[in-house]
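Source file: run15.tsv. Holds: TSV, C-alpha atoms.
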chain	number	residue	atom	x	y	z
A	1	MET	CA	109.31	-90.48	95.44
A	2	LYS	CA	111.83	-88.19	97.11
A	3	LEU	CA	113.37	-84.81	96.38
A	4	ILE	CA	117.04	-84.79	97.35
A	5	ILE	CA	118.72	-81.46	97.92
A	6	ALA	CA	122.50	-81.90	97.95
A	7	ILE	CA	124.82	-78.97	98.68
A	8	VAL	CA	128.45	-79.54	97.66
A	9	ASN	CA	131.57	-77.42	97.33
A	10	ASN	CA	132.12	-75.94	93.86
A	11	ASP	CA	135.44	-77.79	93.66
A	12	ASP	CA	133.53	-81.10	93.70
A	13	SER	CA	130.55	-80.15	91.56
A	14	MET	CA	131.78	-81.49	88.21
A	15	ALA	CA	132.63	-84.92	89.64
A	16	VAL	CA	129.32	-85.17	91.52
A	17	SER	CA	127.31	-84.08	88.48
A	18	ALA	CA	129.10	-86.49	86.14
A	19	ALA	CA	128.62	-89.43	88.51
A	20	LEU	CA	124.92	-88.69	89.04
A	21	THR	CA	124.18	-88.45	85.32
A	22	ARG	CA	126.30	-91.56	84.64
A	23	HIS	CA	123.90	-93.42	86.99
A	24	ASN	CA	120.86	-92.04	85.13
A	25	PHE	CA	119.76	-89.44	87.66
A	26	PHE	CA	118.28	-86.21	86.34
A	27	VAL	CA	119.68	-83.24	88.23
A	28	THR	CA	119.04	-79.52	88.37
A	29	LYS	CA	122.15	-77.58	89.33
A	30	LEU	CA	121.96	-74.25	91.17
A	31	SER	CA	124.84	-71.91	92.00
A	32	THR	CA	124.65	-70.98	95.68
A	33	THR	CA	126.79	-69.28	98.31
A	34	GLY	CA	127.36	-70.55	101.83
A	35	GLY	CA	126.41	-68.20	104.64
A	36	PHE	CA	129.41	-68.78	106.91
A	37	LEU	CA	132.46	-68.56	104.64
A	38	MET	CA	130.65	-66.82	101.76
A	39	ILE	CA	132.24	-69.16	99.20
A	40	GLY	CA	130.60	-70.84	96.23
A	41	ASN	CA	128.62	-74.03	96.49
A	42	THR	CA	126.56	-76.03	94.06
A	43	THR	CA	123.10	-77.14	95.12
A	44	TYR	CA	121.57	-80.08	93.28
A	45	LEU	CA	117.86	-80.86	93.11
A	46	ILE	CA	117.46	-84.56	92.37
A	47	GLY	CA	114.24	-86.50	92.03
A	48	ALA	CA	114.56	-90.19	92.87
A	49	GLU	CA	112.40	-93.17	93.64
A	50	ASP	CA	112.55	-94.25	97.27
A	51	ASP	CA	114.71	-97.28	96.53
A	52	ARG	CA	117.37	-95.15	94.77
A	53	VAL	CA	117.89	-92.52	97.50
A	54	ASP	CA	120.78	-94.42	99.08
A	55	LYS	CA	122.54	-94.58	95.69
A	56	VAL	CA	122.33	-90.78	95.36
A	57	LYS	CA	123.69	-90.31	98.87
A	58	ASP	CA	126.54	-92.76	98.18
A	59	ILE	CA	127.52	-90.91	95.00
A	60	VAL	CA	127.43	-87.49	96.66
A	61	ALA	CA	129.47	-88.75	99.62
A	62	LYS	CA	132.05	-90.44	97.38
A	63	TYR	CA	132.76	-87.36	95.27
A	64	SER	CA	132.47	-84.62	97.93
A	65	GLN	CA	135.81	-84.17	99.65
A	66	LYS	CA	136.53	-82.33	102.86
A	67	ARG	CA	139.47	-79.93	102.86
A	68	THR	CA	140.86	-77.19	105.05
A	69	HIS	CA	140.59	-73.51	104.20
A	70	THR	CA	142.32	-70.60	105.90
A	71	VAL	CA	140.00	-67.72	106.77
A	72	THR	CA	140.14	-64.52	108.76
A	73	THR	CA	137.37	-63.04	110.86
A	74	LYS	CA	136.60	-60.77	107.90
A	75	ASP	CA	136.09	-63.73	105.56
A	76	SER	CA	133.83	-65.68	107.84
A	77	PHE	CA	131.75	-62.92	109.39
A	78	GLY	CA	131.79	-60.17	106.75
A	79	TYR	CA	133.34	-57.53	109.01
A	80	GLY	CA	136.26	-55.26	108.17
A	81	PHE	CA	139.73	-55.79	109.58
A	82	ARG	CA	139.93	-55.50	113.32
A	83	GLU	CA	142.76	-55.30	115.77
A	84	GLY	CA	143.82	-58.76	116.83
A	85	GLU	CA	142.28	-60.45	113.80
A	86	VAL	CA	143.87	-63.83	113.19
A	87	GLU	CA	143.72	-66.43	110.47
A	88	LYS	CA	142.11	-69.74	111.31
A	89	GLU	CA	141.88	-73.06	109.49
A	90	VAL	CA	138.38	-74.46	109.06
A	91	THR	CA	137.12	-77.61	107.40
A	92	VAL	CA	135.08	-77.03	104.23
A	93	GLY	CA	133.63	-79.30	101.62
A	94	GLY	CA	131.92	-82.55	102.14
A	95	ALA	CA	128.21	-82.34	101.47
A	96	THR	CA	124.92	-81.55	103.14
A	97	VAL	CA	122.01	-83.66	101.91
A	98	PHE	CA	118.31	-83.20	102.61
A	99	VAL	CA	115.72	-85.82	101.61
A	100	LEU	CA	112.11	-84.69	101.34
A	101	ASN	CA	108.91	-86.54	100.54
A	102	VAL	CA	107.25	-85.63	97.23
A	103	ASP	CA	103.46	-85.79	96.97
A	104	SER	CA	103.47	-85.64	93.20
A	105	MET	CA	105.77	-85.01	90.24
A	106	GLU	CA	104.87	-84.17	86.68
A	107	LYS	CA	107.00	-83.42	83.64
A	108	PHE	CA	105.52	-81.26	80.91

Can you dump the structure from the file as structure tokens?
Amino acid sequence: MKLIIAIVNNDDSMAVSAALTRHNFFVTKLSTTGGFLMIGNTTYLIGAEDDRVDKVKDIVAKYSQKRTHTVTTKDSFGYGFREGEVEKEVTVGGATVFVLNVDSMEKF
């Protein structure tokens, strides 16, 4: 058994959640904030048998879109306005997925 931790952009969270539950995965949804841009993410904790891990990854990849976002130095590093501060486009979205081994799982 595996524990899958999937971090997706809030804009994609409803589609990812709906697709996972439609395919009979049980998910725990956590509201999180990214450390670089300080914008909202959704982190899913998903338990899956080894042979279903690829299905979870396929679903998350399919419904997690990349997009561009305009930020300033203040937005991305938490500092106040500075002389010479410029806006910059960065790519956000997509997903980050971790797969961990689970020694045991019990539901009470």

Spatial neighbours of Leu3 (chain A), 6 Å, only C-alpha atoms, chain gap at least 4 places, as a PyMOL selection string: chain A and resi 46-47+99-100

If you count only C-alpha atoms, which residues fall within 10 Å of Ser17 (chain A), apart from same-chain ones fewer than 3 positions away, as a PyMOL selection string? chain A and resi 12-14+20-22+25-29+42+44+59-60+63

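Minimum distance to Gly94 (chain A) across A:Asp11, A:Asp54, A:Glu49, A:Glu106 (counting all atoms listed in the file) occurs at A:Asp11.
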
Hey, can you check how far CA of Ile7 (chain A) sits from CA of Glu87 (chain A)? 25.6 Å

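Compared by their closest atoms to Leu45 (chain A), and using all atoms listed in the file, the residues A:Val97, A:Arg67, A:Glu89, A:Ile4 rank with A:Ile4 nearest.
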
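The space separating CA of Ser104 (chain A) from CA of Asn41 (chain A) comes to 27.9 Å.
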